[in-house]
Amino acid sequence: MIFSVAIDGPAGAGKGTIAAFISERFQLKHLDTGLLYREAARLVIENGVNVLDVVRLEEVAHKVDPHHISQELLRNENIASVASQIAVVPSLRRVLTQMMRDFANDISPDYQGVVFDGRDVGTVILPNADVKIFLLADPEVRAQRRAKELNFTFTQTVLEEIKTRDARDGNRQTAPMQIAEDAVILDTTFLDIKSVCEKAAEIVKSAMQSKDLVLKAIG
Ligand code: C5P
């Protein structure tokens, strides 16, 4: 079995940045699992699919191709909101989860394994991941980061959108966002992103050492 790292947490906690850093440092193939939900949301909007039509949502899920997703169109709050509305549908989740597992099992030998970031990576997608990290941060700090990243002014509306999405993702019945029992929790509220990356790298490095993988690792 390949080496795998799961990084979960709410929007704006720093998952993407940390996963990209870990990917580069340890030669692990990165998958942002949220992108698959966002791509499904784009297809839903484009094809006028009703977010309550579970049959059509499952069909849409089959059209997502994790190897060909263009990020630029997906980084906006409308897509994020639709993504979290359709992410409550079990049949759609089943299709996307299987795609993610297939992606992990089909990486090129150039990589030592995978790093996935999302909401349910450590609990559902890769429950046997070698490293599980759950990132936390105060909602207002996350909303401010999101506004900065996407180049718009921070408002109470941005904060409300983040809170609504947190509640929907955390309270849904299937694969809710939750901290895996064996996850290391990192609160990024008062930490700069560089030091969080270094902390995460230390955790990954020691797990790799215990699997005798460190010689191939750059870190
Ligand atoms: O991570 P990102 O903000 O891009 O995810 C968009 C939405 O996709 C989340 O709010 C969540 O509803 C859904 N998602 C999920 N499970 C994942 C990743 C994302 O339900 N593993």
# chains A, B, ... in the order shown; residues from 1 in each chain; ligands from 1
call {"tool": "residues_around", "arguments": {"residues": "Leu73 (chain A)", "least_positions_apart": "6", "cutoff": "12 Å", "atoms": "only C-alpha atoms", "output": "ChimeraX atom specification"}}
result
/A:35,38-39,41-43,46,79-80
call {"tool": "residues_near_ligand", "arguments": {"ligand": "ligand 1", "cutoff": "9 Å", "atoms": "only C-alpha atoms and all ligand atoms", "output": "ChimeraX atom specification"}}
result
/A:8-12,15-16,32-38,41,74-75,77,79-88,93,97,116-121,124-125,162,165-166,168-170,175-177
call {"tool": "select_by_dssp", "arguments": {"residues": "region 115-208 of chain A", "states": "strand (DSSP E)", "output": "number ranges by chain"}}
result
A: 115-118, 131-136, 184-187
call {"tool": "write_last_selection", "arguments": {"atoms": "all heavy atoms", "output": "short mmCIF file (atom, residue, chain, number, x, y, z; two decimals), in the first residue's frame"}}
result
data_model
loop_
_atom_site.label_atom_id
_atom_site.label_comp_id
_atom_site.auth_asym_id
_atom_site.auth_seq_id
_atom_site.Cartn_x
_atom_site.Cartn_y
_atom_site.Cartn_z
N VAL A 115 -1.10 12.85 -1.09
CA VAL A 115 -1.62 13.72 -0.04
C VAL A 115 -2.94 14.27 -0.57
O VAL A 115 -2.99 14.85 -1.64
CB VAL A 115 -0.62 14.83 0.38
CG1 VAL A 115 -0.09 15.63 -0.80
CG2 VAL A 115 -1.25 15.78 1.41
N PHE A 116 -4.00 13.99 0.17
CA PHE A 116 -5.35 14.44 -0.21
C PHE A 116 -5.80 15.48 0.82
O PHE A 116 -5.59 15.28 2.02
CB PHE A 116 -6.36 13.28 -0.15
CG PHE A 116 -6.34 12.35 -1.34
CD1 PHE A 116 -5.31 12.34 -2.26
CD2 PHE A 116 -7.40 11.45 -1.51
CE1 PHE A 116 -5.31 11.46 -3.34
CE2 PHE A 116 -7.42 10.57 -2.59
CZ PHE A 116 -6.38 10.58 -3.51
N ASP A 117 -6.46 16.53 0.35
CA ASP A 117 -7.07 17.43 1.33
C ASP A 117 -8.57 17.55 1.07
O ASP A 117 -9.03 17.41 -0.07
CB ASP A 117 -6.39 18.80 1.36
CG ASP A 117 -6.63 19.65 0.12
OD1 ASP A 117 -5.98 19.40 -0.91
OD2 ASP A 117 -7.47 20.56 0.17
N GLY A 118 -9.34 17.72 2.16
CA GLY A 118 -10.80 17.78 2.00
C GLY A 118 -11.51 17.86 3.33
O GLY A 118 -11.07 18.58 4.25
N VAL A 131 -0.84 9.32 7.79
CA VAL A 131 -0.85 10.56 8.59
C VAL A 131 -2.20 11.22 8.40
O VAL A 131 -2.69 11.31 7.28
CB VAL A 131 0.25 11.54 8.10
CG1 VAL A 131 0.13 12.89 8.81
CG2 VAL A 131 1.64 10.96 8.28
N LYS A 132 -2.79 11.67 9.51
CA LYS A 132 -4.05 12.41 9.42
C LYS A 132 -3.88 13.72 10.17
O LYS A 132 -3.50 13.71 11.36
CB LYS A 132 -5.20 11.62 10.04
CG LYS A 132 -5.50 10.33 9.31
CD LYS A 132 -6.67 9.60 9.94
CE LYS A 132 -6.83 8.22 9.31
NZ LYS A 132 -7.91 7.45 9.94
N ILE A 133 -4.14 14.80 9.48
CA ILE A 133 -4.04 16.12 10.12
C ILE A 133 -5.38 16.81 9.95
O ILE A 133 -5.98 16.79 8.86
CB ILE A 133 -2.92 16.95 9.46
CG1 ILE A 133 -1.55 16.30 9.75
CG2 ILE A 133 -2.93 18.40 9.97
CD1 ILE A 133 -0.39 16.93 9.01
N PHE A 134 -5.88 17.39 11.04
CA PHE A 134 -7.12 18.16 10.95
C PHE A 134 -6.79 19.60 11.30
O PHE A 134 -6.26 19.88 12.37
CB PHE A 134 -8.20 17.60 11.88
CG PHE A 134 -9.58 18.11 11.54
CD1 PHE A 134 -10.44 17.37 10.74
CD2 PHE A 134 -10.00 19.36 12.01
CE1 PHE A 134 -11.71 17.86 10.41
CE2 PHE A 134 -11.27 19.85 11.68
CZ PHE A 134 -12.13 19.09 10.87
N LEU A 135 -7.09 20.52 10.39
CA LEU A 135 -6.78 21.93 10.60
C LEU A 135 -7.99 22.68 11.12
O LEU A 135 -9.10 22.50 10.61
CB LEU A 135 -6.34 22.57 9.27
CG LEU A 135 -5.07 21.99 8.65
CD1 LEU A 135 -4.88 22.56 7.26
CD2 LEU A 135 -3.86 22.28 9.52
N LEU A 136 -7.75 23.52 12.11
CA LEU A 136 -8.82 24.36 12.65
C LEU A 136 -8.40 25.81 12.53
O LEU A 136 -7.20 26.11 12.50
CB LEU A 136 -9.01 24.06 14.14
CG LEU A 136 -9.58 22.72 14.56
CD1 LEU A 136 -9.55 22.61 16.08
CD2 LEU A 136 -11.01 22.59 14.06
N VAL A 184 -4.03 14.36 14.07
CA VAL A 184 -3.34 15.40 14.83
C VAL A 184 -4.06 16.70 14.50
O VAL A 184 -4.29 17.01 13.33
CB VAL A 184 -1.87 15.52 14.37
CG1 VAL A 184 -1.17 16.66 15.09
CG2 VAL A 184 -1.14 14.21 14.57
N ILE A 185 -4.44 17.46 15.53
CA ILE A 185 -5.16 18.71 15.30
C ILE A 185 -4.19 19.88 15.31
O ILE A 185 -3.39 20.03 16.24
CB ILE A 185 -6.24 18.92 16.39
CG1 ILE A 185 -7.24 17.77 16.36
CG2 ILE A 185 -6.95 20.26 16.20
CD1 ILE A 185 -8.19 17.73 17.54
N LEU A 186 -4.24 20.70 14.26
CA LEU A 186 -3.41 21.91 14.23
C LEU A 186 -4.34 23.12 14.11
O LEU A 186 -5.11 23.22 13.16
CB LEU A 186 -2.45 21.90 13.03
CG LEU A 186 -1.35 20.84 12.99
CD1 LEU A 186 -0.52 20.99 11.71
CD2 LEU A 186 -0.44 20.96 14.21
N ASP A 187 -4.27 24.01 15.10
CA ASP A 187 -5.08 25.22 15.04
C ASP A 187 -4.24 26.33 14.40
O ASP A 187 -3.20 26.70 14.93
CB ASP A 187 -5.53 25.62 16.45
CG ASP A 187 -6.54 26.74 16.43
OD1 ASP A 187 -6.52 27.57 15.48
OD2 ASP A 187 -7.37 26.82 17.35
#
call {"tool": "closest_residue", "arguments": {"among": "A:Leu96, A:Leu57, A:Ala180, A:Val158", "to": "Asn128 (chain A)", "atoms": "only C-alpha atoms"}}
result
A:Ala180
call {"tool": "closest_residue", "arguments": {"among": "A:Leu52, A:Gln112, A:Asp192, A:Leu150", "to": "Asp212 (chain A)", "atoms": "only C-alpha atoms"}}
result
A:Gln112
call {"tool": "residues_around", "arguments": {"residues": "Ile18 (chain A)", "least_positions_apart": "5", "cutoff": "8 Å", "atoms": "only C-alpha atoms", "output": "mmCIF file with all heavy atoms, in the first residue's frame"}}
result
data_model
loop_
_atom_site.group_PDB
_atom_site.id
_atom_site.type_symbol
_atom_site.label_atom_id
_atom_site.label_comp_id
_atom_site.auth_asym_id
_atom_site.auth_seq_id
_atom_site.Cartn_x
_atom_site.Cartn_y
_atom_site.Cartn_z
ATOM 1 N N ILE A 193 1.299 30.659 8.000
ATOM 2 C CA ILE A 193 1.161 29.443 7.208
ATOM 3 C C ILE A 193 2.473 28.661 7.082
ATOM 4 O O ILE A 193 2.477 27.433 7.063
ATOM 5 C CB ILE A 193 0.507 29.771 5.831
ATOM 6 C CG1 ILE A 193 -0.038 28.522 5.166
ATOM 7 C CG2 ILE A 193 1.440 30.530 4.932
ATOM 8 C CD1 ILE A 193 -1.270 27.971 5.779
ATOM 9 N N VAL A 196 2.943 26.427 10.048
ATOM 10 C CA VAL A 196 2.030 25.276 10.009
ATOM 11 C C VAL A 196 2.572 24.233 9.016
ATOM 12 O O VAL A 196 2.537 23.028 9.281
ATOM 13 C CB VAL A 196 0.599 25.692 9.607
ATOM 14 C CG1 VAL A 196 -0.338 24.506 9.700
ATOM 15 C CG2 VAL A 196 0.098 26.822 10.471
ATOM 16 N N CYS A 197 3.084 24.723 7.884
ATOM 17 C CA CYS A 197 3.659 23.802 6.882
ATOM 18 C C CYS A 197 4.813 23.015 7.510
ATOM 19 O O CYS A 197 4.919 21.790 7.334
ATOM 20 C CB CYS A 197 4.178 24.585 5.665
ATOM 21 S SG CYS A 197 2.875 25.181 4.584
ATOM 22 N N ALA A 200 3.501 20.393 9.932
ATOM 23 C CA ALA A 200 2.907 19.262 9.193
ATOM 24 C C ALA A 200 4.022 18.407 8.589
ATOM 25 O O ALA A 200 3.955 17.164 8.631
ATOM 26 C CB ALA A 200 1.973 19.786 8.103
#
call {"tool": "closest_residue", "arguments": {"among": "A:Pro127, A:Pro66, A:Gly48, A:Pro109", "to": "Ile7 (chain A)", "atoms": "only C-alpha atoms"}}
result
A:Pro127
call {"tool": "select_by_dssp", "arguments": {"residues": "region 9-217 of chain A", "states": "helix (DSSP H, G or I)", "output": "ChimeraX atom specification"}}
result
/A:15-26,34-46,54-63,71-74,77-86,90-105,121-125,139-149,156-171,193-210,214-216
call {"tool": "write_last_selection", "arguments": {"atoms": "C-alpha atoms", "output": "mmCIF file, in the first residue's frame"}}
result
data_model
loop_
_atom_site.group_PDB
_atom_site.id
_atom_site.type_symbol
_atom_site.label_atom_id
_atom_site.label_comp_id
_atom_site.auth_asym_id
_atom_site.auth_seq_id
_atom_site.Cartn_x
_atom_site.Cartn_y
_atom_site.Cartn_z
ATOM 1 C CA LYS A 15 -5.531 22.828 3.733
ATOM 2 C CA GLY A 16 -4.616 23.568 0.114
ATOM 3 C CA THR A 17 -1.409 25.439 0.904
ATOM 4 C CA ILE A 18 -0.235 22.815 3.368
ATOM 5 C CA ALA A 19 -1.109 19.900 1.098
ATOM 6 C CA ALA A 20 0.776 21.527 -1.811
ATOM 7 C CA PHE A 21 3.818 22.045 0.442
ATOM 8 C CA ILE A 22 3.768 18.430 1.678
ATOM 9 C CA SER A 23 3.291 17.187 -1.879
ATOM 10 C CA GLU A 24 6.366 19.038 -3.118
ATOM 11 C CA ARG A 25 8.614 18.212 -0.186
ATOM 12 C CA PHE A 26 7.876 14.499 -0.007
ATOM 13 C CA GLY A 34 -13.004 19.671 -2.932
ATOM 14 C CA LEU A 35 -12.280 20.304 -6.608
ATOM 15 C CA LEU A 36 -14.289 17.215 -7.577
ATOM 16 C CA TYR A 37 -17.308 18.571 -5.676
ATOM 17 C CA ARG A 38 -16.764 22.002 -7.242
ATOM 18 C CA GLU A 39 -16.509 20.502 -10.731
ATOM 19 C CA ALA A 40 -19.752 18.569 -10.125
ATOM 20 C CA ALA A 41 -21.325 21.863 -8.978
ATOM 21 C CA ARG A 42 -20.172 23.594 -12.183
ATOM 22 C CA LEU A 43 -21.787 20.843 -14.272
ATOM 23 C CA VAL A 44 -24.973 21.094 -12.207
ATOM 24 C CA ILE A 45 -25.220 24.849 -12.845
ATOM 25 C CA GLU A 46 -24.260 24.556 -16.518
ATOM 26 C CA VAL A 54 -30.528 12.764 -6.798
ATOM 27 C CA VAL A 55 -30.733 10.637 -9.954
ATOM 28 C CA ARG A 56 -29.331 13.387 -12.169
ATOM 29 C CA LEU A 57 -26.762 14.332 -9.519
ATOM 30 C CA GLU A 58 -25.347 10.815 -9.634
ATOM 31 C CA GLU A 59 -25.138 11.051 -13.450
ATOM 32 C CA VAL A 60 -23.301 14.360 -13.114
ATOM 33 C CA ALA A 61 -20.828 12.801 -10.665
ATOM 34 C CA HIS A 62 -19.862 10.202 -13.287
ATOM 35 C CA LYS A 63 -18.904 13.026 -15.681
ATOM 36 C CA GLN A 71 -9.440 25.307 -11.364
ATOM 37 C CA GLU A 72 -9.939 28.905 -12.535
ATOM 38 C CA LEU A 73 -13.673 28.533 -13.141
ATOM 39 C CA LEU A 74 -14.232 26.873 -9.780
ATOM 40 C CA GLU A 77 -18.294 31.312 -3.531
ATOM 41 C CA ASN A 78 -21.317 30.473 -5.707
ATOM 42 C CA ILE A 79 -19.675 27.245 -6.877
ATOM 43 C CA ALA A 80 -18.565 26.518 -3.291
ATOM 44 C CA SER A 81 -22.089 26.925 -2.010
ATOM 45 C CA VAL A 82 -23.630 24.649 -4.674
ATOM 46 C CA ALA A 83 -20.809 22.148 -4.071
ATOM 47 C CA SER A 84 -21.712 21.925 -0.393
ATOM 48 C CA GLN A 85 -25.442 21.593 -1.201
ATOM 49 C CA ILE A 86 -24.887 18.628 -3.517
ATOM 50 C CA PRO A 90 -24.953 9.928 -0.634
ATOM 51 C CA SER A 91 -25.045 8.519 -4.207
ATOM 52 C CA LEU A 92 -23.037 11.445 -5.566
ATOM 53 C CA ARG A 93 -20.515 11.085 -2.727
ATOM 54 C CA ARG A 94 -20.175 7.355 -3.419
ATOM 55 C CA VAL A 95 -19.195 7.989 -7.046
ATOM 56 C CA LEU A 96 -16.702 10.748 -6.208
ATOM 57 C CA THR A 97 -15.196 8.826 -3.276
ATOM 58 C CA GLN A 98 -14.546 5.827 -5.512
ATOM 59 C CA MET A 99 -12.888 8.105 -8.094
ATOM 60 C CA MET A 100 -10.605 9.495 -5.389
ATOM 61 C CA ARG A 101 -9.602 6.030 -4.211
ATOM 62 C CA ASP A 102 -8.907 4.955 -7.799
ATOM 63 C CA PHE A 103 -6.774 8.080 -8.194
ATOM 64 C CA ALA A 104 -4.742 7.067 -5.104
ATOM 65 C CA ASN A 105 -4.253 3.530 -6.394
ATOM 66 C CA VAL A 121 -10.296 12.157 3.759
ATOM 67 C CA GLY A 122 -9.137 10.714 7.093
ATOM 68 C CA THR A 123 -12.552 9.373 8.076
ATOM 69 C CA VAL A 124 -13.983 7.995 4.803
ATOM 70 C CA ILE A 125 -11.857 8.329 1.650
ATOM 71 C CA PRO A 139 -14.251 31.391 11.328
ATOM 72 C CA GLU A 140 -13.569 35.142 11.127
ATOM 73 C CA VAL A 141 -9.874 34.551 10.417
ATOM 74 C CA ARG A 142 -10.821 31.994 7.742
ATOM 75 C CA ALA A 143 -13.311 34.396 6.142
ATOM 76 C CA GLN A 144 -10.654 37.121 6.058
ATOM 77 C CA ARG A 145 -8.147 34.753 4.451
ATOM 78 C CA ARG A 146 -10.712 33.701 1.857
ATOM 79 C CA ALA A 147 -11.518 37.332 0.987
ATOM 80 C CA LYS A 148 -7.809 38.121 0.589
ATOM 81 C CA GLU A 149 -7.154 35.022 -1.520
ATOM 82 C CA GLN A 156 -20.172 39.953 7.345
ATOM 83 C CA THR A 157 -21.734 38.167 4.336
ATOM 84 C CA VAL A 158 -18.461 36.351 3.647
ATOM 85 C CA LEU A 159 -18.360 35.276 7.285
ATOM 86 C CA GLU A 160 -21.977 34.105 7.142
ATOM 87 C CA GLU A 161 -21.272 32.090 3.962
ATOM 88 C CA ILE A 162 -18.353 30.344 5.644
ATOM 89 C CA LYS A 163 -20.463 29.569 8.730
ATOM 90 C CA THR A 164 -23.350 28.234 6.617
ATOM 91 C CA ARG A 165 -20.983 25.966 4.701
ATOM 92 C CA ASP A 166 -19.297 24.764 7.950
ATOM 93 C CA ALA A 167 -22.708 23.890 9.402
ATOM 94 C CA ARG A 168 -23.877 22.065 6.254
ATOM 95 C CA ASP A 169 -20.606 20.150 5.903
ATOM 96 C CA GLY A 170 -20.434 19.298 9.596
ATOM 97 C CA ASN A 171 -24.065 18.293 10.112
ATOM 98 C CA ILE A 193 1.161 29.443 7.208
ATOM 99 C CA LYS A 194 4.894 28.743 6.944
ATOM 100 C CA SER A 195 5.128 27.450 10.498
ATOM 101 C CA VAL A 196 2.030 25.276 10.009
ATOM 102 C CA CYS A 197 3.659 23.802 6.882
ATOM 103 C CA GLU A 198 6.803 23.027 8.876
ATOM 104 C CA LYS A 199 4.820 21.410 11.689
ATOM 105 C CA ALA A 200 2.907 19.262 9.193
ATOM 106 C CA ALA A 201 6.182 18.324 7.465
ATOM 107 C CA GLU A 202 7.654 17.139 10.778
ATOM 108 C CA ILE A 203 4.637 14.881 11.342
ATOM 109 C CA VAL A 204 4.868 13.442 7.819
ATOM 110 C CA LYS A 205 8.626 12.968 8.060
ATOM 111 C CA SER A 206 8.451 10.944 11.239
ATOM 112 C CA ALA A 207 5.691 8.748 9.797
ATOM 113 C CA MET A 208 7.813 8.156 6.695
ATOM 114 C CA GLN A 209 10.834 7.324 8.823
ATOM 115 C CA SER A 210 8.857 4.716 10.647
ATOM 116 C CA VAL A 214 12.689 8.754 4.413
ATOM 117 C CA LEU A 215 15.668 8.109 2.145
ATOM 118 C CA LYS A 216 13.606 8.949 -0.880
#
call {"tool": "atom_distance", "arguments": {"atom1": "CA of Ile69 (chain A)", "atom2": "CA of Asn151 (chain A)"}}
result
22.0 Å
call {"tool": "atom_distance", "arguments": {"atom1": "CA of Gln178 (chain A)", "atom2": "CA of Leu28 (chain A)"}}
result
23.8 Å
call {"tool": "atom_distance", "arguments": {"atom1": "CA of Val64 (chain A)", "atom2": "CA of Ala183 (chain A)"}}
result
29.0 Å
